[in-house]
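Have a look at the structure below before the remarks.
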Amino acid sequence: MEGTILEFLGTELVGVMSPVSICMLLVVLLVYSLSPPSTLPFPSAQDSIVTAANLVYTENPADSPTQKLEGSLLNAAVFIVLVAAVTFLLVLLYYYNFANFLKNYMRFSAFFVLATMGGAIFLSLIKHFSIPVDAVTCFLCLFNFTVLGVISVFGKGVPIIVTQAYMVILGIIVAAWFTQLPEWTTWTLLVALAVYDMVAVLAPGGPLKILVELSQSRDDDLPALVYEARPTVSRGDASLPSRRRSSLGLLIAGVSDDESIELQTVAARSNAIEIEECGANENSDAETCGNNSVIEGETSPLVPENLRERERRSLSREDSEIGAVNEEMSPLVEMLGLGDERRNSDSTMTTRGIKLGLGDFVFYSVLVGRAALYDLMTVYACYLAIISGLSCTLLLLSVCGRALPALPISITLGVIFYFLTRLLMEPFVVGTSINLMMF
């Protein structure tokens, strides 16, 4: 059943990689549009404002590489300590059931990001592209955009595509601001965050590990901004009997070289189930069972009689095989918190998608945005490295069946590919092009 797992995993990969790619692309376009000397909603690196990422050291172009490295390490250490402290505070509040406070805090955070940081970028785009709009219209558009964003992210009954779009927009806005950090601080911070993410999720007593375990034990959503990719395939109807629903689940999950034969086989199983139920019912008359036999002959003309007999005799064995199929499909489903649902009840067969934290969107895009400030060649290399790392992470996720950090592999590959491309690939390509050896 490797094909089944890989087919399901491919759907999840597309559902996660598409928004990540869109987020990175739009951040790169923003960086190119609003990079100096054009108007920026934030100061340049020479006179940057003090943020949580550069509290200790403000990078100066005149500083030596040693000073920049030491200062960037201090900035990264302070930032990681602040992030860890806030995360532990979040865990404590969630442990003591301050759910309403956490929800209101996240609503305020989303409103603040969309209204202030997003508004600054919006105004700079209007100024840069000379869009004729008055102040009242601009304020109303920004206000409606912000309120709709908060409702879409935290409200109920909102189309999933709208919620996903606003999650991507939040990632774009935050990443666009992070790309304005000094270069040495940015790279050191990305590496430090990858290490912290791995420790926080995998280490015993890690704050994110505790948070995920609490959420799973309470069967509740994580108190965080999380992008959820939901497959649109429903695996059955809750109104059907459990046996018939299992056959349908096997049909949708199965891999067949000839789809028509697969459909006929499942139709034969369903009709055989009906015949068995009819035979087991003492109140059913012969005429009803005969009609069922006629219907069976009409609905599955390509299924021979001996095959029907074999299907009827092997129903119990098929049920056990279907259970084995469900167990083989379990790694991703267990990660999504659906293993208990499948064991406890067969009433629902619709899966929920892989969840990716908004911070992963942000720092993937920060890496690509920082690469865009240097050259497009490094952008391509970093993008391929991040996507490859995310694919490896999801493959490991399907094997391990537990929550895994999404930053370490992608950030490590991205940083390595950036410096390899900048120090080795670019001089080679430029040299061969100048000497007319490559066009």
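Residues in the structure tokens are numbered from 1 in each chain, the chains being A, B, ... in the order shown, and ligands are numbered from 1 in the order shown.
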Find the spatial neighbours of A:Leu142, counting only C-alpha atoms, within a cut-off of 10 Å - ignore same-chain residues fewer than 2 positions away - and output them as an MDAnalysis selection string. chainID A and resid 114:116 118:119 122:123 136:140 144:148
Where in stretch 130-242 of chain A does DSSP assign strand (DSSP E or B), given as a list in words? Val226, Tyr227, Glu228 and Ser234 of chain A
Atom pair atom CA of A:Val31 / atom CA of A:Leu367: separation (Å):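 Between atom CA of A:Val31 and atom CA of A:Leu367 the gap works out to 11.8 Å.
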For stretch 91-101 of chain A, find every residue with an atom within 9 Å (counting only C-alpha atoms), except residues of its own chain fewer than 3 positions away, and show them as a list in words.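 Counting only C-alpha atoms, the residues come to Val86, Thr87, Phe88, Asn104, Tyr105, Met106, Pro207, Leu208, Ile210, Leu211, Leu214, Ser215 and Pro223 of chain A.
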Residues of the last selection are to be written out with N, CA, C and O atoms, as a PDB file, in the first residue's frame.
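Output (again.pdb):
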```
ATOM      1  N   VAL A  86       7.807  34.006  25.984  1.00  0.00           N
ATOM      2  CA  VAL A  86       6.425  34.208  25.551  1.00  0.00           C
ATOM      3  C   VAL A  86       5.731  32.869  25.308  1.00  0.00           C
ATOM      4  O   VAL A  86       4.550  32.691  25.643  1.00  0.00           O
ATOM      5  N   THR A  87       6.465  31.907  24.748  1.00  0.00           N
ATOM      6  CA  THR A  87       5.864  30.598  24.491  1.00  0.00           C
ATOM      7  C   THR A  87       5.517  29.877  25.786  1.00  0.00           C
ATOM      8  O   THR A  87       4.446  29.258  25.909  1.00  0.00           O
ATOM      9  N   PHE A  88       6.411  29.916  26.771  1.00  0.00           N
ATOM     10  CA  PHE A  88       6.109  29.298  28.065  1.00  0.00           C
ATOM     11  C   PHE A  88       4.923  29.990  28.742  1.00  0.00           C
ATOM     12  O   PHE A  88       4.089  29.337  29.376  1.00  0.00           O
ATOM     13  N   ASN A 104      -8.661  36.387  22.494  1.00  0.00           N
ATOM     14  CA  ASN A 104      -8.701  37.842  22.322  1.00  0.00           C
ATOM     15  C   ASN A 104      -7.312  38.417  22.021  1.00  0.00           C
ATOM     16  O   ASN A 104      -7.175  39.365  21.238  1.00  0.00           O
ATOM     17  N   TYR A 105      -6.291  37.830  22.641  1.00  0.00           N
ATOM     18  CA  TYR A 105      -4.927  38.278  22.364  1.00  0.00           C
ATOM     19  C   TYR A 105      -4.558  38.023  20.904  1.00  0.00           C
ATOM     20  O   TYR A 105      -3.950  38.878  20.242  1.00  0.00           O
ATOM     21  N   MET A 106      -4.910  36.852  20.384  1.00  0.00           N
ATOM     22  CA  MET A 106      -4.600  36.549  18.988  1.00  0.00           C
ATOM     23  C   MET A 106      -5.405  37.430  18.039  1.00  0.00           C
ATOM     24  O   MET A 106      -4.898  37.848  16.985  1.00  0.00           O
ATOM     25  N   PRO A 207       8.511  23.760  25.063  1.00  0.00           N
ATOM     26  CA  PRO A 207       7.219  24.455  25.172  1.00  0.00           C
ATOM     27  C   PRO A 207       6.240  24.077  24.070  1.00  0.00           C
ATOM     28  O   PRO A 207       5.045  23.887  24.331  1.00  0.00           O
ATOM     29  N   LEU A 208       6.712  23.968  22.846  1.00  0.00           N
ATOM     30  CA  LEU A 208       5.798  23.605  21.757  1.00  0.00           C
ATOM     31  C   LEU A 208       5.344  22.150  21.868  1.00  0.00           C
ATOM     32  O   LEU A 208       4.208  21.831  21.513  1.00  0.00           O
ATOM     33  N   ILE A 210       4.908  20.541  24.705  1.00  0.00           N
ATOM     34  CA  ILE A 210       3.891  20.541  25.756  1.00  0.00           C
ATOM     35  C   ILE A 210       2.576  21.102  25.223  1.00  0.00           C
ATOM     36  O   ILE A 210       1.493  20.577  25.510  1.00  0.00           O
ATOM     37  N   LEU A 211       2.665  22.154  24.430  1.00  0.00           N
ATOM     38  CA  LEU A 211       1.455  22.784  23.891  1.00  0.00           C
ATOM     39  C   LEU A 211       0.702  21.834  22.975  1.00  0.00           C
ATOM     40  O   LEU A 211      -0.537  21.722  23.045  1.00  0.00           O
ATOM     41  N   LEU A 214      -0.919  19.062  25.105  1.00  0.00           N
ATOM     42  CA  LEU A 214      -2.116  19.565  25.785  1.00  0.00           C
ATOM     43  C   LEU A 214      -3.287  19.692  24.823  1.00  0.00           C
ATOM     44  O   LEU A 214      -4.423  19.337  25.140  1.00  0.00           O
ATOM     45  N   SER A 215      -3.007  20.218  23.641  1.00  0.00           N
ATOM     46  CA  SER A 215      -4.071  20.384  22.650  1.00  0.00           C
ATOM     47  C   SER A 215      -4.656  19.047  22.236  1.00  0.00           C
ATOM     48  O   SER A 215      -5.870  18.903  22.092  1.00  0.00           O
ATOM     49  N   PRO A 223      -3.782  27.071  20.365  1.00  0.00           N
ATOM     50  CA  PRO A 223      -3.964  28.519  20.551  1.00  0.00           C
ATOM     51  C   PRO A 223      -2.879  29.297  19.827  1.00  0.00           C
ATOM     52  O   PRO A 223      -2.024  29.942  20.442  1.00  0.00           O
TER      53      PRO A 223
END
```
Give me the residues near stretch 401-411 of chain A as a PyMOL selection string, where near means some atom within 8 Å (using only C-alpha atoms) and where sequence neighbours in that chain fewer than 2 positions away do not count. chain A and resi 190-191+193-195+197-198+201-202+212+330-335+356+360+364+367+385-390+392-393+397-399+413-415
For the residues selected in the previous step, produce a file with N, CA, C and O atoms as a tab-separated table (two decimals), in the first residue's frame.
```
chain	number	residue	atom	x	y	z
A	190	LEU	N	17.91	33.41	11.70
A	190	LEU	CA	17.27	32.28	11.04
A	190	LEU	C	17.85	30.95	11.54
A	190	LEU	O	17.10	30.00	11.82
A	191	VAL	N	19.16	30.87	11.65
A	191	VAL	CA	19.78	29.64	12.15
A	191	VAL	C	19.38	29.38	13.60
A	191	VAL	O	19.05	28.24	13.98
A	193	LEU	N	16.66	30.35	15.12
A	193	LEU	CA	15.25	29.95	15.18
A	193	LEU	C	15.06	28.51	14.75
A	193	LEU	O	14.20	27.79	15.29
A	194	ALA	N	15.85	28.05	13.77
A	194	ALA	CA	15.76	26.65	13.35
A	194	ALA	C	16.16	25.72	14.49
A	194	ALA	O	15.51	24.70	14.74
A	195	VAL	N	17.23	26.07	15.20
A	195	VAL	CA	17.67	25.25	16.33
A	195	VAL	C	16.62	25.29	17.45
A	195	VAL	O	16.27	24.26	18.04
A	197	ASP	N	13.42	25.87	17.20
A	197	ASP	CA	12.21	25.15	16.78
A	197	ASP	C	12.38	23.65	16.98
A	197	ASP	O	11.45	22.97	17.45
A	198	MET	N	13.56	23.14	16.66
A	198	MET	CA	13.81	21.71	16.84
A	198	MET	C	13.78	21.33	18.32
A	198	MET	O	13.19	20.31	18.70
A	201	VAL	N	10.11	21.60	19.90
A	201	VAL	CA	9.12	20.62	19.46
A	201	VAL	C	9.51	19.21	19.85
A	201	VAL	O	8.65	18.40	20.23
A	202	LEU	N	10.80	18.88	19.81
A	202	LEU	CA	11.23	17.50	20.00
A	202	LEU	C	11.74	17.20	21.40
A	202	LEU	O	11.63	16.06	21.87
A	212	VAL	N	1.42	21.13	22.12
A	212	VAL	CA	0.78	20.18	21.21
A	212	VAL	C	0.15	19.03	21.99
A	212	VAL	O	-0.98	18.60	21.69
A	330	SER	N	-2.42	5.32	8.39
A	330	SER	CA	-2.55	6.07	9.63
A	330	SER	C	-1.49	7.11	9.91
A	330	SER	O	-1.77	8.00	10.69
A	331	PRO	N	-0.23	7.05	9.39
A	331	PRO	CA	0.76	8.01	9.87
A	331	PRO	C	0.35	9.46	9.74
A	331	PRO	O	0.39	10.21	10.72
A	332	LEU	N	-0.07	9.87	8.55
A	332	LEU	CA	-0.50	11.27	8.41
A	332	LEU	C	-1.76	11.54	9.20
A	332	LEU	O	-1.92	12.61	9.80
A	333	VAL	N	-2.67	10.56	9.23
A	333	VAL	CA	-3.93	10.78	9.93
A	333	VAL	C	-3.71	10.88	11.43
A	333	VAL	O	-4.33	11.68	12.12
A	334	GLU	N	-2.79	10.03	11.95
A	334	GLU	CA	-2.49	10.12	13.37
A	334	GLU	C	-1.90	11.48	13.71
A	334	GLU	O	-2.19	12.07	14.74
A	335	MET	N	-1.05	12.01	12.79
A	335	MET	CA	-0.46	13.32	13.04
A	335	MET	C	-1.52	14.40	13.08
A	335	MET	O	-1.40	15.38	13.80
A	356	LEU	N	0.39	24.01	9.45
A	356	LEU	CA	1.70	24.64	9.39
A	356	LEU	C	1.61	25.98	10.08
A	356	LEU	O	0.75	26.80	9.78
A	360	ASP	N	6.42	29.53	10.30
A	360	ASP	CA	7.13	28.85	9.23
A	360	ASP	C	6.99	29.61	7.92
A	360	ASP	O	7.97	29.78	7.18
A	364	TYR	N	10.42	31.24	6.20
A	364	TYR	CA	10.73	30.83	4.83
A	364	TYR	C	10.81	32.06	3.92
A	364	TYR	O	11.74	32.19	3.12
A	367	LEU	N	13.88	34.32	4.49
A	367	LEU	CA	15.09	33.81	3.85
A	367	LEU	C	15.11	34.15	2.37
A	367	LEU	O	16.12	34.63	1.84
A	385	ALA	N	15.66	24.98	-2.25
A	385	ALA	CA	16.12	24.37	-1.00
A	385	ALA	C	15.00	24.32	0.03
A	385	ALA	O	14.82	23.30	0.72
A	386	ILE	N	14.22	25.38	0.16
A	386	ILE	CA	13.13	25.41	1.14
A	386	ILE	C	12.06	24.39	0.79
A	386	ILE	O	11.56	23.65	1.65
A	387	ILE	N	11.69	24.32	-0.48
A	387	ILE	CA	10.66	23.36	-0.90
A	387	ILE	C	11.15	21.93	-0.70
A	387	ILE	O	10.40	21.04	-0.26
A	388	SER	N	12.43	21.69	-1.00
A	388	SER	CA	12.98	20.35	-0.78
A	388	SER	C	12.97	19.99	0.70
A	388	SER	O	12.63	18.87	1.09
A	389	GLY	N	13.36	20.96	1.55
A	389	GLY	CA	13.34	20.70	2.98
A	389	GLY	C	11.95	20.46	3.52
A	389	GLY	O	11.74	19.59	4.39
A	390	LEU	N	10.96	21.21	3.00
A	390	LEU	CA	9.59	21.00	3.43
A	390	LEU	C	9.07	19.63	3.00
A	390	LEU	O	8.35	18.95	3.74
A	392	CYS	N	10.94	16.93	2.58
A	392	CYS	CA	11.57	15.96	3.48
A	392	CYS	C	10.88	15.94	4.84
A	392	CYS	O	10.68	14.87	5.43
A	393	THR	N	10.49	17.13	5.33
A	393	THR	CA	9.81	17.20	6.62
A	393	THR	C	8.47	16.47	6.58
A	393	THR	O	8.11	15.73	7.50
A	397	LEU	N	7.20	13.24	8.49
A	397	LEU	CA	5.95	13.32	9.24
A	397	LEU	C	5.08	12.10	9.00
A	397	LEU	O	4.46	11.56	9.92
A	398	SER	N	5.04	11.64	7.75
A	398	SER	CA	4.24	10.45	7.43
A	398	SER	C	4.82	9.19	8.04
A	398	SER	O	4.10	8.23	8.30
A	399	VAL	N	6.14	9.18	8.29
A	399	VAL	CA	6.78	8.02	8.89
A	399	VAL	C	6.67	8.05	10.41
A	399	VAL	O	6.33	7.05	11.04
A	413	LEU	N	18.96	23.95	4.71
A	413	LEU	CA	19.23	23.85	3.27
A	413	LEU	C	19.22	25.22	2.61
A	413	LEU	O	20.04	25.50	1.72
A	414	GLY	N	18.30	26.08	3.01
A	414	GLY	CA	18.23	27.40	2.41
A	414	GLY	C	19.48	28.23	2.67
A	414	GLY	O	20.01	28.89	1.75
A	415	VAL	N	19.97	28.22	3.90
A	415	VAL	CA	21.18	28.98	4.23
A	415	VAL	C	22.39	28.42	3.48
A	415	VAL	O	23.21	29.17	2.92
```
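The spacing separating atom CA of A:Ala84 from atom CA of A:Phe178 amounts to 18.6 Å.
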